[in-house]
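K.L.:
Sharing a structure with you now.
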Amino acid sequence: MALTSVQSFYSPEDSKAVIELLDKHEDSALIVAGGTFLHGLVSRGLLSGIEALINIQKLGLNKIDISSDAINIGATTLLGQLKNCPEVKEQAWLGAIKDAMEYPPTQIMNSGTVGGSISSSCPFFDFPVSLLALDGNVQAEGSSGSRDIPLEEFFAGLFENSLGSNEFVTGVRIPVPAGSTTSAFIKMETNANDLAIINVAVCLSMSGTGDCEQARVFLGGGVGESPVRSPSAESALVGTKVDEEAIEKAGEAVLNDLDPLSDHRASAEYRKAMGKVLLKRALASAMQRLS
Amino acid sequence: MSTTNVIGKSITRPDAYDKVTGGKKYPVNYTLPGMLHMKILRSPYPHAKILSIDTSEAEKLKGVRAVLTPDEVPKKYFTPVYFVPYNAPSMVQDFILLSDTVRWAGQPVVAVAASSEDIAEQALELIDVEYEELPTVFDPEEAMKDGAPQLHEASPNNIAKNPSFEFGDMEAGFEDADHIFEGVYETQRAHTCYMEPRVCVADSDTDGRITIHSSMQHTFGLREKLAVALDIPESMVNVVKPTYIGGGFGGKLDIGFIEGLAALLSLKTGKPVRAEHSRGEDFISTTRNPIKVYLKTGVKKDGTYTARQIKSILDCGAHATHGSEVIMVHGLYGTFFPWKCPNQIWEGFTVYTNNMIGGGYRGYGAPQGCFAVESQNDEICETLDLDPIEFRLKNTHREGDPHPVLEGHKLASYKIEECLRQGAERIGFDKRQAAGSAEGVKKKGIGFAVHPLWVSGCVGFPDIYEHSGATVKLNRDGTADVISACVDLGSGQISMLTAVVAEELSLSADKVRIVYADTDTAPFDAPTHASRATYSAGLATKAAAVETKKRLFKAAAAVMEANADDLVLEDGKVMVKGVPESAVPMTDIIARAESPFIQVGEQGPAPTTIAEKGTIIGTASQAPPSNPSPVGAQFIEVEVDTDTGEIEVLRVVYSADVGQVIHPNSAEGQVEGGFQQGMGYALMENLQFDQETGACLSADFLDYKIPTAMEMPSNIESIFIDSHEPTGPYGGKSMSEMCLIVPAAAIANAVYNAIGVRITELPITPEKVLKALGKL
């Protein structure tokens, strides 16, 4: 099935032009960069109303800026660039992103972008789940200016998000945490080209005495129309040393917050069981990273 | 062969450079000026009667040139399988291009030709079809029951074929047994996942003659079936052989729909018409048939078989097509005759359902059989604490034994013992741990499977074409052109034929070209299937090269004033045997043969002789003399994560007797590619359908999972046993399909060894493993 409805392909060079095009085409425009998910959407008949593709790769958003309080990643930064970023490689608190970048095959790493991974608003993607654990923000631009949207408020259902009609994603912003923080991500997949059957990201902030002060636990894959948070698992971790016992309790607790779906790829029962297993492994991996 | 020139030496594949630089000769890249594009409207219902079709709005759309409805298609029912006659009595003639009854979701209903693909696709949306839904049945055992919805009037209880074989005394055999094992083994629908989609360009002449380019496995099969579908004489169709295709694996071994519909639309419009499947269309066009095997085996304490009772139920979907033959091959070569047992009975059922049509896929019923038999053999050895290698050897044939299926033939080259022993030694089989005894969450295990009988073509099968042919022509520049209708599927037929001709004519491989061929000009060749190309096409091409050499010697004898019988060809030179100083470069002989009769030289005009004149050319067309069996055993190490059920394949050792290896690199490629498909079959591949609507749930590779390079084990070792098939070209026989028959059984046995629990239904998904472990 071809993208028969597409009449125009634009490559604007500044945000203003993008916004004008979004205004002009309204719901029939789609922002693209790497275009890696386009085929999957087209072959499922999900882009039948799209008449204009707006390529934002000429906007100069392909960059990673690191300051003392935040990491800013431009929307058209390739996943491969993110993987090779020294901070991502080395910093324990960015472990969840480092882990998430281990899964995509080379073709996706070389063409998929950070902005596309977020704005597709697909609950089966990996990077958004790792970013949720790190409390990232989405940077969006529209006719009323720029704004930061906490990622937790960004996703609004399957392929839905809280962007305004002429807004688009320009990047993501990850606040640098204070103190000792670690994170990890794990995905279950059938092959390297697979969307997550289920995935888990955790981020733990530890006190000087080794107690967990804050925990963020998110799961994606076939868990719902958007990735889900697990407050139960988080409460089971806060105040503990995140030792074996606490990890076991968190594994039990996450089941309270999981109501996954059954489909031809896995049953809800299996996804739920794997939520527990993967969470425990991700917690152990995050703690290992800290030591 | 100790003094071979190119055989056994991995010549550079002549098609390699072209393929890695874009592969412009793939049929998918073929275009003609002014061609139209065809799209197919498919039924959304799995079983329905078409009440009316209104195409008037579609025909009004600008750019639409022609629409084809069931009324306009010849009412010819035939067998679309390429390798048998269209009306073969052993097959079922239930196939038609367009019907007014729909039997599976996705069946073509209307075809449209338009000036662009987009317009053709838009036109489909303007066609109004009124259906009357009929009751459906998706499970073959349900379909066999009285009162089930009937798909074809001629087949009560939806049974399209019901073959059986039997010998010995079953009752006595089971009485004689110390132990009886019973099991049910199930396999799924798997697609071959060839890279190039089914695609064709059909063009018609003003006299109604069709020329067609297509990505398919059999030039002459397409000619025959297209002529039948169009109800025209065979000579009115010319099929151009593709230089190569992007994979077939048995999935392009029947005419399907696009060629016939595109040809009819070309006749209707007078324009060339191109049709190309989307991946989603390919997924519902051909598949390995699911087979459920009921297996009951009696054995003595020492493991000797006393009785085997087998029932196989094959789901052929809406039309029988390959299902009538797959069930036979599954019975004969997949389950029954590979093993030695005095009392055996097998009964097979090919059953219609409202599922998609099944098809050919490497192994053709044997992977399903091997999975069942070798799973149970493993179980027998575990239960009775028998050495699994000795158990296999006790119940299989030996080199020199009569061929168990083909009367008058022998297992002349058949190194099953070496396969098993060398494979076992390489993987360290004697050190494997007891089943399920590994410590920790991740448990390693080793298992193996052997398949003791397979084919090098189809000699001995009823109704199956088998002969091959070729023409070999020598050029004045010292090169050879080879005309052969044998299609290269990607598995190396071009390099095999090149090597055979180079070897026979003492040429370097770069002097041999496989050139243009079509069904108008080339001798008949059966399809590239049944692991037959090396043995059958290789032998015929060798025979053509021998004829060419004879012609060369005839001319040389005149030039050299020698006796043709005394001449030999060495290093590109013709010489009297044992007299090196008599050597004349073969290019000189060819040049004289092709030169004017009277040549003017420095000494003036000099006539040559009539005897040396004429193109040095040879043709052969012949059936192969036998059907030697290859043997393959695969040893596998896996690691199973007992918390998630995930399986990782760590190491693969494949040991095989394929006779003399013609092209070692390609042979290893066959082992690796075959394992990749076998591993997908074992662990993840499954075409799934909505059981209410019958709709395929896999549109592309997002939903249909095959192993990528990332899942493949880094360590796949091939052992080719030293062997020589006396009837084969340079001692060679077949290898291709065997590489895919054994992996699923070997993986299943390795998983059992790791976790101590057996999965008897493919694919072995993490979820099934976890359930079997009692953790879900």
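Letters A, B, ... go to the chains of the structure tokens in the order shown; residues in each chain start at 1; ligands are counted from 1 in the same order.
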For the contact check between chain B and chain A, emit one row per residue of chain B within 8 Å, containing the shortest atom pair and the distance in Å rounded to one decimal, counting only C-alpha atoms, chain then rising number order, as a tab-separated table.

P.N.:
```
residue	atom	partner	partner_atom	distance
B:Asp118	CA	A:Thr4	CA	5.6
B:Ser278	CA	A:Met1	CA	6.6
B:Asp643	CA	A:Val277	CA	6.9
B:Thr644	CA	A:Met274	CA	6.5
B:Met684	CA	A:Thr190	CA	7.1
B:Gln688	CA	A:His264	CA	7.2
B:Leu697	CA	A:His264	CA	7.8
B:Ala699	CA	A:Ser43	CA	6.8
B:Asp700	CA	A:Ser43	CA	7.7
B:Leu702	CA	A:Asp194	CA	6.3
B:Asp703	CA	A:Arg265	CA	7.9
B:Lys705	CA	A:Asn191	CA	6.7
B:Ile706	CA	A:Asn191	CA	7.1
B:Pro707	CA	A:Asn191	CA	6.1
B:Thr708	CA	A:Asn191	CA	6.5
B:Met710	CA	A:Ala192	CA	6.2
B:Glu711	CA	A:Asn191	CA	6.5
B:Glu767	CA	A:Tyr270	CA	6.3
B:Leu776	CA	A:Tyr270	CA	6.9
```

K.L.:
Grab the residues selected above and save them as a tab-separated table (two decimals), in the first residue's frame with N, CA and C atoms.

P.N.:
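Resulting contents of part-v3.tsv:
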```tsv
chain	number	residue	atom	x	y	z
B	118	ASP	N	-1.15	4.10	-7.81
B	118	ASP	CA	-2.03	4.87	-6.94
B	118	ASP	C	-3.46	4.89	-7.47
B	278	SER	N	2.22	-6.54	-2.34
B	278	SER	CA	2.75	-5.94	-1.12
B	278	SER	C	3.17	-7.11	-0.23
B	643	ASP	N	13.19	-17.71	33.65
B	643	ASP	CA	12.28	-16.71	34.21
B	643	ASP	C	11.44	-16.02	33.14
B	644	THR	N	11.97	-15.98	31.93
B	644	THR	CA	11.22	-15.31	30.85
B	644	THR	C	10.78	-16.30	29.77
B	684	MET	N	9.81	-18.58	16.44
B	684	MET	CA	9.00	-17.35	16.39
B	684	MET	C	8.01	-17.22	15.25
B	688	GLN	N	-0.59	-15.59	11.78
B	688	GLN	CA	-1.79	-15.75	12.59
B	688	GLN	C	-2.98	-15.02	11.97
B	697	LEU	N	-3.30	-11.36	10.51
B	697	LEU	CA	-2.86	-10.37	11.49
B	697	LEU	C	-1.46	-9.85	11.20
B	699	ALA	N	0.77	-7.88	8.58
B	699	ALA	CA	0.80	-7.09	7.36
B	699	ALA	C	2.22	-6.97	6.84
B	700	ASP	N	3.18	-7.08	7.74
B	700	ASP	CA	4.58	-6.89	7.36
B	700	ASP	C	5.46	-7.46	8.46
B	702	LEU	N	6.76	-6.12	10.93
B	702	LEU	CA	6.51	-5.66	12.30
B	702	LEU	C	5.79	-6.75	13.07
B	703	ASP	N	4.93	-7.47	12.39
B	703	ASP	CA	4.12	-8.49	13.06
B	703	ASP	C	4.60	-9.90	12.80
B	705	LYS	N	7.63	-12.23	12.62
B	705	LYS	CA	9.01	-12.14	13.08
B	705	LYS	C	9.86	-13.26	12.55
B	706	ILE	N	10.99	-12.89	11.95
B	706	ILE	CA	11.98	-13.88	11.53
B	706	ILE	C	13.30	-13.51	12.21
B	707	PRO	N	14.19	-14.47	12.37
B	707	PRO	CA	15.47	-14.12	13.03
B	707	PRO	C	16.25	-13.12	12.18
B	708	THR	N	16.78	-12.10	12.81
B	708	THR	CA	17.68	-11.19	12.11
B	708	THR	C	19.11	-11.63	12.45
B	710	MET	N	20.96	-10.35	14.38
B	710	MET	CA	21.19	-10.18	15.82
B	710	MET	C	20.81	-11.43	16.62
B	711	GLU	N	19.85	-12.19	16.13
B	711	GLU	CA	19.43	-13.39	16.88
B	711	GLU	C	20.22	-14.63	16.47
B	767	GLU	N	6.47	-17.73	25.90
B	767	GLU	CA	5.26	-17.94	26.69
B	767	GLU	C	4.96	-19.43	26.86
B	776	LEU	N	3.49	-19.98	34.64
B	776	LEU	CA	2.49	-19.04	34.12
B	776	LEU	C	1.10	-19.64	34.28
```

K.L.:
Pick from A:Ala140, A:Ala196, A:Leu258, A:Ala70: nearest to Phe125 in chain A, with only C-alpha atoms counted?

P.N.:
A:Ala196

K.L.:
Just the residues within 7 Å of range 165-172 of chain B, please, counting only C-alpha atoms, with nothing from its chain fewer than 4 positions along; format it as a PyMOL selection string.

P.N.:
chain B and resi 176+307+342-347

K.L.:
Please, which residues of range 148-259 of chain A, numbered as in this document, come out strand (DSSP E) from DSSP, as a count of residues only?

P.N.:
41

K.L.:
Output as an mmCIF file with C-alpha atoms, in the first residue's frame all residues of range 129-233 of chain A that backbone DSSP marks as alpha helix (DSSP H).

P.N.:
```
data_model
loop_
_atom_site.group_PDB
_atom_site.id
_atom_site.type_symbol
_atom_site.label_atom_id
_atom_site.label_comp_id
_atom_site.auth_asym_id
_atom_site.auth_seq_id
_atom_site.Cartn_x
_atom_site.Cartn_y
_atom_site.Cartn_z
ATOM 1 C CA VAL A 129 9.915 4.832 28.462
ATOM 2 C CA SER A 130 13.529 5.429 29.460
ATOM 3 C CA LEU A 131 12.923 9.169 29.218
ATOM 4 C CA LEU A 132 9.829 8.924 31.426
ATOM 5 C CA ALA A 133 11.935 7.302 34.137
ATOM 6 C CA LEU A 151 6.680 13.800 29.231
ATOM 7 C CA GLU A 152 4.178 12.281 31.642
ATOM 8 C CA GLU A 153 1.632 14.840 30.458
ATOM 9 C CA PHE A 154 2.609 14.515 26.809
ATOM 10 C CA PRO A 231 3.409 4.029 42.017
ATOM 11 C CA SER A 232 3.103 0.734 43.927
ATOM 12 C CA ALA A 233 6.559 -0.406 42.872
#
```

K.L.:
As a VMD selection string, please: the residues near Glu133 in chain B (cut-off 9 Å, only C-alpha atoms, same-chain neighbours under 4 positions excluded).

P.N.:
chain B and resid 45 to 50

K.L.:
Need to verify the contact set: Lys292 in chain B, 6 Å, only C-alpha atoms, exclusion of same-chain residues closer than 2 positions in sequence. Can you return it as a ChimeraX atom specification?

P.N.:
/B:185-186,312-313

K.L.:
Could you list, as a list in words, every residue within 8 Å of range 21-31 of chain B, counting only C-alpha atoms and ignoring same-chain residues fewer than 5 positions away?

P.N.:
Glu196, Pro197, Val199, Cys200, Val201, His213, Ser214, Ser215, Pro242, Thr243, Tyr244, Ile245, Gly246, Arg274 and Glu276 of chain B

K.L.:
Could you list, as a list in words, every residue within 6 Å of range 53-62 of chain B, counting only C-alpha atoms and ignoring same-chain residues fewer than 2 positions away?

P.N.:
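Answer for this query is Val64, Ala123, Leu126, Ile127, Asp128 and Val129 of chain B.
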
K.L.:
Those same residues - N, CA and C atoms - I'd like them written as a short mmCIF file (atom, residue, chain, number, x, y, z; two decimals), in the first residue's frame.

P.N.:
```cif
data_model
loop_
_atom_site.label_atom_id
_atom_site.label_comp_id
_atom_site.auth_asym_id
_atom_site.auth_seq_id
_atom_site.Cartn_x
_atom_site.Cartn_y
_atom_site.Cartn_z
N VAL B 64 -7.93 4.78 -15.16
CA VAL B 64 -8.29 3.36 -15.13
C VAL B 64 -8.50 2.88 -16.57
N ALA B 123 -9.03 3.06 -7.41
CA ALA B 123 -10.16 2.44 -8.12
C ALA B 123 -10.77 1.31 -7.31
N LEU B 126 -13.60 2.14 -5.20
CA LEU B 126 -14.86 2.54 -5.86
C LEU B 126 -15.67 1.33 -6.34
N ILE B 127 -15.13 0.14 -6.11
CA ILE B 127 -15.84 -1.07 -6.56
C ILE B 127 -16.78 -1.54 -5.46
N ASP B 128 -17.98 -1.84 -5.86
CA ASP B 128 -18.99 -2.24 -4.89
C ASP B 128 -19.31 -3.73 -5.10
N VAL B 129 -18.98 -4.53 -4.10
CA VAL B 129 -19.26 -5.96 -4.20
C VAL B 129 -20.28 -6.34 -3.14
#
```

K.L.:
Please indicate the distance in Å from CA of Ala282 in chain A to CA of Ser714 in chain B, rounded to one decimal place.

P.N.:
26.4 Å

K.L.:
Suppose you want the space between CA of Gly538 in chain B and CA of Phe720 in chain B; what is it in Å?

P.N.:
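CA of Phe720 in chain B lies 19.5 Å from CA of Gly538 in chain B.
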
K.L.:
Using only C-alpha atoms, which of the listed residues (B:Val73, B:Val81, B:Leu539, B:Val472) sits closest to Gly359 in chain B?

P.N.:
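Answer, going by the shortest atom-to-atom distance: B:Val81.
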
K.L.:
To one decimal in Å, tell me the separation between CA of Gly208 in chain B and CA of Val239 in chain B.

P.N.:
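Atom-to-atom, CA of Gly208 in chain B and CA of Val239 in chain B are spaced 14.4 Å apart.
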